[in-house]
Amino acid sequence: MKIKTLSRSQNSVERECSGDLRRESRNLNPQYHPMQRSREYVRAVQSAKLDRMFAAPLIGNLGEGHIDAVTVSALSRRSLLPLVSGGADGVLKLWDLATRTSVATLEGGHSRTVTGVVFDIEGDRFYSCGDDGLVRQWSIHAVQRQQSDSDEEDDSITKGPYHGPLETWRTPGSFKSMDHHWMDHEFATASDEAVCIWSPERSTPLQTHSDLWGSDDTVSVVRYNPAERCLLAHCSADRGVGLHDTRASKALKKTVLRMRSNALEWNPMEPMNFCVANEDYNAYTFDMRKLNSPTRIYKGHTSAVMTVGWSPTGREFVTGSYDRTLRIFPTNMGYSREIYHTKRMQRVFTVQYTMDHRFVVSGSDDSNLRLWKARASEQLGQRTTREEAARDYRQALIKKHQHLPEVRGIYKSRKVPKVIQKLSAQARIQKDSAKRKQENRIKHSKPGTYQRENDRKKAVVKEVD
Amino acid sequence: MGKKRRSKQEQQQESLTPKNEEAKDGNDNNDDPPKSNERPTVSDPDGTHDIHRGFTNKEARARRHELIQTLQEKTEKKNKKKNQKDNNANNDNNNHDLAQSLKEQQNNDETNNNKKKRARLAHDKILETRLESKETKLLQAKIAAMDAADILHTGTVGMVQAETDMERTTGLSQVELKRQLLQDNNDEDDNSDNAARHIYDLTMESPHGLKYDRSGRYALLYSNASNPQGHVAIMDCHTRSLVNSSQGEFYIQQSIRDACFLHQARLLATAAVNQPVAIYDDRGAEIHSLSDHKDAVALEFLPYHFLLAAIDDRGPALLRYIDITTGQLVSKHRTRGDPSGSREGLRAGNPVVLRQNPSNAVLHCGHTNGTVTLWSPASQKYLVKFLCHKGAAITSLAVDMGGNVMVTGGADRQVKVWDLRNTYRHVHSYFTVAGPPTSLDISQQGMLGIGHAGHATIWAPSALQVKAKDPYMHHLIPRGGPIETLRFRPYEDVCGIGHAKGMSSIVIPGSGEPNLDTAEYFTNPFSDSKQRREAEVRALLDKLSPDMIALDPNVIGGMEELDPHKRLEQIRDQQEAANNMTNNKKKKEKTKKRGRSKIQTKLRRKQRNIVDQQTMQLREAREQEKTQEDAERKAAKGEIVVPTETPKEQAPTALKRFFS
């Protein structure tokens with residue numbers, strides 16, 4: 001008789017010391033893992049709950065901030081650390097993002113509201129423009145040195161050597177916006193009267209387009225395309241969004257939306273696409289080759305969208321709005337993934353997505369700059385491999401079960417201020433009623449008299465070539 | 001696009017493959033020849049290649065075809081290995097081969113079905129591609145799982161094999177087995193590892209029952225209802241001593257009918273005569289008493305739902321589910337008598353046995369009238385009802401780990417095997433010689449243990465599929481009958497028997513699972529206190545809701561019917577189908593002429609005899625048809641057809657009166 005039996009003993013699993021790892025073994029036979037699907041579902045619900053439990057998006061304010069509203073901000077395209085912000089009182093501030101502290105304050109930067117800040121291509125200098133009709137060039141190093149001097153001495157501006165702006169350009173009107181070229185030493189400004197292209201070496205603009213590129217009104221935003229050297233996009237006060245080739249005298253294309261656009265940013269990874277923040281509570285993305293309709297409408301804000309910032313991956317963007325909230329939109333969805341708000345945050349004028357796509361900076365009317373996490377429940381700091389594996393598993397579970405009502409209900413729910421809740425409900429009612437009215441009209445009139453119109457087609461009033 | 005995206009390396013691999021492969025495929029011969037080179041080839045037989053998004057339809061198809069081949073090769077290899085092992089034994093290989101060929105045939109049928117389905121969907125190309133890529137992924141996962149199993153499953157199942165034709169494994173006694181095991185291990189000094197240490201008896205004054213926890217490390221010993229002192233002991237099977245340094249033994253001064261461990265061996269529940277169900281810890285402290293549930297007959301604990309189920313035999317014979325994490329009553333069900341007042345349920349008889357189906361947590365309850373009912377907390381009525389033993393009480397019941405087979409033992413000394421998959425049919429039965437089967441159990445590897453009188457008979461796993469002639473092993477406890485409980489110890493080749501003389505532990509080679517899974521909660525026999533604590537927390541986080549218990553454990557995560565009424569109908573249909581399967585004998589219509597004078601039948605008969613216009617027309621039409629058919633038949637034979645009918649007969653009915 002041939003006999004073989006199992007024989008287990010404690011010795012086989014005994015650890016030599018308490019620090020030793022425990023012996024792990026796996027049995028993949030599904031018989032020993034009954035009701036796997038139900039258990040996975042329960043785990044998915046738990047993961048969704050944990051995700052919401054750990055959601056704490058606000059990291060904090062940037063300390064010792066502006067005294068007046070923050071109107072503009074800029075991040076370097078080269079380095080993760082520096083951030084420049086400009087206030088409504090003309091003060092410029094340089095920040096260190098890692099420590100969330102103010103590096104320098106430029107009190108007399110401008111005499112009126114700062115309307116544009118931008119870093120140059122090397123990232124060690126920045127330009128600012130304001131309502132006072134000045135464009136100024138600053139060096140980060142000089143500014144930092146000045147600050148350290150002022151810290152040592154009591155009264156810096158009178159006693160120490162003054163490291164003011166490197167250059168200053170003047171025009172009679174006031175500037176609305178500025179942007180730096182992505183590859184060359186060249187920058188563009190938009191003022192009341194003209195759009196100008198400047199070189200830092202010259203005291204006068206290289207080009208002046210005083211006819212405002214066919215616009216009947218002021219150009220409020222200019223942005224260089226990241227890939228095409230001579231391509232500029234602009235928004236004007238006549239509700240237009242247009243493209244311009246700096247080599248030509250006339251505008252390339254222009255489209256007129258139903259309301260004014262407050263901001264425009266090019267997608268850094270797909271440079272043919274850009275996003276526009278509009279007064280009609282929506283953001284739009286356009287393909288520059290087809291300006292007759294937006295590629296997508298991003299809805300959700302309950303007041304004018306003031307500003308927009310692209311994630312460096314080009315897959316998401318953040319918007320700031322007059323309704324005192326930020327929203328993060330994935331480009332492939334028409335609704336926001338996240339909504340950020342605090343009790344004290346007022347109307348948001350400027351937002352930036354940091355270059356590591358992990359954080360968002362917002363500047364608002366309450367004179368504060370705030371640092372947010374781009375993924376609300378992300379754990380900051382170092383994680384162990386096991387923590388990371390657990391997080392990945394949880395994310396995968398949520399992704400797999402996201403369409404089930406219980407998981408979706410938990411995962412997608414966001415607590416928003418009552419005002420916004422009410423306004424959103426109102427907007428929904430208005431939308432429904434408009435739809436109902438349209439349907440009724442179609443139903444009760446001669447066929448063909450009325451046609452259902454695409455929302456995206458409706459957004460554009462006319463296209464001008 | 002797909003062609004462009006592929007890397008140089010792949011193109012090099014392609015060049016190595018013979019071109020005539022395309023001829024074998026033979027699907028798209030009309031394509032221009034250079035395309036044949038574009039097909040991706042599999043240089044790695046393990047299928048560790050990823051599927052690229054850029055694959056064209058044709059490429060994906062080829063890839064899947066290759067994966068299927070590798071899968072088949074792997075299964076063949078495995079089967080060969082198995083066959084080689086089996087060759088030594090007298091096992092009938094023919095059966096095995098037959099089963100295998102049947103399986104293959106099934107596979108072929110499945111692929112054919114898939115093809116048909118796909119043909120139907122052929123117009124939707126996007127869907128087709130998506131389905132194909134999904135199938136490929138599934139195949140890959142299967143192969144990966146097989147590879148992983150090769151590495152992870154290191155243990156091998158135990159066995160007893162007869163070496164000559166004259167030998168029978170049944171003849172191997174535990175004494176002989178112990179002697180051989182000790183002899184085999186003599187070379188090694190470490191005697192503690194030897195399986196022979198599991199063969200022992202504990203003699204006690206009163207009859208005892210014995211149950212193991214899920215890890216198989218701890219055994220719960222409890223005296224049966226004949227002992228009013230109520231002796232309970234928890235034994236650590238590794239050290240063969242009481243837990244908590246001999247404090248794990250206590251008397252609860254009640255006549256215990258049933259006891260079971262809760263999720264861990266530190267907690268246990270007891271059901272006693274005229275006493276409420278109580279929960280004790282491992283030192284004998286009563287933690288909780290379910291005062292409203294007295295006189296329970298049987299207990300069962302559902303580990304994934306943390307539910308304690310108890311059933312009594314008073315009045316409506318309530319089955320109660322108690323959530324032990326909150327202490328709340330989840331639901332209670334009348335197993336006897338319907339809430340609607342129909343008399344059907346009253347015939348259910350007293351409940352005696354309660355066992356769970358481990359694969360879907362449905363409870364199986366055996367009654368004294370020979371029926372078995374299936375219960376879930378979500379439904380007030382039973383899910384399925386079987387009449388298993390006609391005219392004989394159910395004495396014992398067991399369900400296998402996979403939830404495919406149920407075994408019932410009746411007072412008629414029959415042990416019947418039932419297929420639970422979707423047919424709910426009786427497969428075959430065994431007869432117990434010594435007495436009615438008082439306890440049944442199915443081991444992890446599918447061995448069937450039957451306790452009858454003082455005998456324990458163990459049948460090999462194949463005995464559940466096909467009726468076997470001889471049992472695998474047999475053990476007699478002299479004057480030990482009737483056997484109170486017979487339970488296989490999880491993850492060990494051991495069977496524990498609680499009987500009139502105390503308890504015995506015997507070794508049944510090949511009954512336990514060799515490979516542990518330390519990640520599955522409470523199944524690791526070697527877990528230390530820290531692991532146990534962690535497992536408890538994790539298990540509580542993963543606690544399933546009671547209403548998730550259903551006949552099909554995969555209902556959750558599947559597609560749901562949107563319309564709630566239709567959904568309910570579907571569930572009802574499923575249950576009805578199951579119930580119909582169990583009582584599949586159709587009622588014959590009675591031919592007796594009893595009750596002839598019933599007014600209803602009289603009327604019906606009258607109705608049948610009325611000759612109205614419609615019947616007349618039908619008759620005529622039929623006659624005409626007949627004559628026509630005749631004529632045609634004759635014409636076909638070549639006979640001349642003479643119209644036999646007179647004009648009167650040819651004329652329509654209404655005009656007939658005008659002919660004389």
# chains A, B, ... in the order shown; residues from 1 in each chain; ligands from 1
>>> interface_residues(of="chain B", to="chain A", cutoff="7 Å", atoms="only C-alpha atoms", output="count of residues only")
32
>>> residues_around(residues="Gln395 of chain A", least_positions_apart="6", cutoff="9 Å", atoms="only C-alpha atoms", output="PyMOL selection string")
chain A and resi 44+47-48+51
>>> write_last_selection(atoms="all heavy atoms", output="PDB file, in the first residue's frame")
ATOM      1  N   ALA A  44     -15.367  47.829  -3.238  1.00  0.00           N
ATOM      2  CA  ALA A  44     -15.426  49.017  -4.091  1.00  0.00           C
ATOM      3  C   ALA A  44     -16.178  50.131  -3.386  1.00  0.00           C
ATOM      4  O   ALA A  44     -15.774  51.300  -3.434  1.00  0.00           O
ATOM      5  CB  ALA A  44     -16.095  48.679  -5.416  1.00  0.00           C
ATOM      6  N   SER A  47     -13.908  51.558  -0.874  1.00  0.00           N
ATOM      7  CA  SER A  47     -12.869  52.388  -1.484  1.00  0.00           C
ATOM      8  C   SER A  47     -13.430  53.762  -1.827  1.00  0.00           C
ATOM      9  O   SER A  47     -12.758  54.775  -1.615  1.00  0.00           O
ATOM     10  CB  SER A  47     -12.351  51.750  -2.760  1.00  0.00           C
ATOM     11  OG  SER A  47     -12.027  50.423  -2.551  1.00  0.00           O
ATOM     12  N   ALA A  48     -14.654  53.770  -2.352  1.00  0.00           N
ATOM     13  CA  ALA A  48     -15.261  55.054  -2.689  1.00  0.00           C
ATOM     14  C   ALA A  48     -15.444  55.891  -1.429  1.00  0.00           C
ATOM     15  O   ALA A  48     -15.192  57.096  -1.419  1.00  0.00           O
ATOM     16  CB  ALA A  48     -16.601  54.832  -3.380  1.00  0.00           C
ATOM     17  N   ASP A  51     -12.121  57.204  -0.348  1.00  0.00           N
ATOM     18  CA  ASP A  51     -11.691  58.277  -1.232  1.00  0.00           C
ATOM     19  C   ASP A  51     -12.311  59.597  -0.806  1.00  0.00           C
ATOM     20  O   ASP A  51     -11.643  60.628  -0.743  1.00  0.00           O
ATOM     21  CB  ASP A  51     -12.114  57.924  -2.657  1.00  0.00           C
ATOM     22  CG  ASP A  51     -11.600  58.926  -3.658  1.00  0.00           C
ATOM     23  OD1 ASP A  51     -10.429  58.784  -4.025  1.00  0.00           O
ATOM     24  OD2 ASP A  51     -12.354  59.849  -4.021  1.00  0.00           O
TER      25      ASP A  51
END
>>> closest_residue(among="A:Ser76, A:Gln144, A:Ser128, A:Gln451", to="Thr105 of chain A", atoms="only C-alpha atoms")
A:Gln144
>>> residues_around(residues="segment 362-373 of chain A", least_positions_apart="5", cutoff="9 Å", atoms="only C-alpha atoms", output="PyMOL selection string")
chain A and resi 56-73+85+87-88+97+100+320+324+326+340+344-353+378
>>> residues_around(residues="Ala378 of chain B", least_positions_apart="4", cutoff="8 Å", atoms="only C-alpha atoms", output="list in words")
Pro546, Asp547, Met548, Ile549 and Ala550 of chain B
>>> write_last_selection(atoms="N, CA, C and O atoms", output="tab-separated table (two decimals), in the first residue's frame")
chain	number	residue	atom	x	y	z
B	546	PRO	N	-26.62	41.10	4.24
B	546	PRO	CA	-27.40	39.86	4.25
B	546	PRO	C	-28.24	39.67	2.98
B	546	PRO	O	-28.49	38.56	2.57
B	547	ASP	N	-28.68	40.78	2.38
B	547	ASP	CA	-29.54	40.60	1.20
B	547	ASP	C	-28.75	40.26	-0.06
B	547	ASP	O	-29.30	40.18	-1.14
B	548	MET	N	-27.45	40.08	0.08
B	548	MET	CA	-26.67	39.65	-1.08
B	548	MET	C	-26.73	38.14	-1.26
B	548	MET	O	-26.21	37.61	-2.23
B	549	ILE	N	-27.30	37.45	-0.28
B	549	ILE	CA	-27.35	35.99	-0.39
B	549	ILE	C	-28.41	35.59	-1.39
B	549	ILE	O	-29.58	35.95	-1.25
B	550	ALA	N	-28.00	34.89	-2.42
B	550	ALA	CA	-28.93	34.42	-3.44
B	550	ALA	C	-28.42	33.11	-4.00
B	550	ALA	O	-27.27	32.74	-3.77
>>> decode(residues="segment 22-36 of chain A", atoms="N, CA, C and O atoms", output="mmCIF file, in the first residue's frame")
data_model
loop_
_atom_site.group_PDB
_atom_site.id
_atom_site.type_symbol
_atom_site.label_atom_id
_atom_site.label_comp_id
_atom_site.auth_asym_id
_atom_site.auth_seq_id
_atom_site.Cartn_x
_atom_site.Cartn_y
_atom_site.Cartn_z
ATOM 1 N N ARG A 22 6.397 37.408 7.503
ATOM 2 C CA ARG A 22 5.607 36.189 7.646
ATOM 3 C C ARG A 22 5.530 35.484 6.312
ATOM 4 O O ARG A 22 5.518 36.110 5.258
ATOM 5 N N ARG A 23 5.452 34.164 6.398
ATOM 6 C CA ARG A 23 5.373 33.380 5.170
ATOM 7 C C ARG A 23 3.970 33.530 4.568
ATOM 8 O O ARG A 23 2.975 33.328 5.245
ATOM 9 N N GLU A 24 3.958 33.924 3.307
ATOM 10 C CA GLU A 24 2.668 34.109 2.640
ATOM 11 C C GLU A 24 2.485 33.018 1.600
ATOM 12 O O GLU A 24 3.446 32.607 0.949
ATOM 13 N N SER A 25 1.293 32.526 1.466
ATOM 14 C CA SER A 25 1.028 31.571 0.393
ATOM 15 C C SER A 25 -0.335 31.885 -0.207
ATOM 16 O O SER A 25 -1.188 32.485 0.435
ATOM 17 N N ARG A 26 -0.482 31.489 -1.454
ATOM 18 C CA ARG A 26 -1.731 31.775 -2.153
ATOM 19 C C ARG A 26 -2.313 30.506 -2.746
ATOM 20 O O ARG A 26 -1.586 29.631 -3.200
ATOM 21 N N ASN A 27 -3.628 30.450 -2.728
ATOM 22 C CA ASN A 27 -4.327 29.375 -3.409
ATOM 23 C C ASN A 27 -5.335 30.016 -4.349
ATOM 24 O O ASN A 27 -6.220 30.735 -3.910
ATOM 25 N N LEU A 28 -5.144 29.796 -5.636
ATOM 26 C CA LEU A 28 -5.980 30.507 -6.610
ATOM 27 C C LEU A 28 -7.291 29.787 -6.921
ATOM 28 O O LEU A 28 -8.093 30.282 -7.696
ATOM 29 N N ASN A 29 -7.493 28.636 -6.332
ATOM 30 C CA ASN A 29 -8.717 27.906 -6.602
ATOM 31 C C ASN A 29 -9.942 28.709 -6.139
ATOM 32 O O ASN A 29 -10.047 29.064 -4.972
ATOM 33 N N PRO A 30 -10.841 29.035 -7.072
ATOM 34 C CA PRO A 30 -11.975 29.895 -6.698
ATOM 35 C C PRO A 30 -12.884 29.300 -5.617
ATOM 36 O O PRO A 30 -13.632 30.014 -4.967
ATOM 37 N N GLN A 31 -12.804 27.991 -5.444
ATOM 38 C CA GLN A 31 -13.601 27.321 -4.420
ATOM 39 C C GLN A 31 -13.290 27.849 -3.016
ATOM 40 O O GLN A 31 -14.155 27.879 -2.153
ATOM 41 N N TYR A 32 -12.049 28.279 -2.823
ATOM 42 C CA TYR A 32 -11.674 28.792 -1.501
ATOM 43 C C TYR A 32 -11.872 30.295 -1.373
ATOM 44 O O TYR A 32 -11.507 30.887 -0.376
ATOM 45 N N HIS A 33 -12.398 30.902 -2.435
ATOM 46 C CA HIS A 33 -12.698 32.336 -2.377
ATOM 47 C C HIS A 33 -14.141 32.540 -2.809
ATOM 48 O O HIS A 33 -14.408 33.101 -3.866
ATOM 49 N N PRO A 34 -15.080 32.083 -2.029
ATOM 50 C CA PRO A 34 -16.470 32.155 -2.460
ATOM 51 C C PRO A 34 -17.000 33.582 -2.468
ATOM 52 O O PRO A 34 -16.436 34.459 -1.803
ATOM 53 N N MET A 35 -18.034 33.782 -3.231
ATOM 54 C CA MET A 35 -18.732 35.070 -3.325
ATOM 55 C C MET A 35 -17.783 36.217 -3.642
ATOM 56 O O MET A 35 -17.860 37.305 -3.078
ATOM 57 N N GLN A 36 -16.852 35.929 -4.532
ATOM 58 C CA GLN A 36 -15.801 36.893 -4.841
ATOM 59 C C GLN A 36 -16.375 38.197 -5.388
ATOM 60 O O GLN A 36 -15.914 39.277 -5.045
#
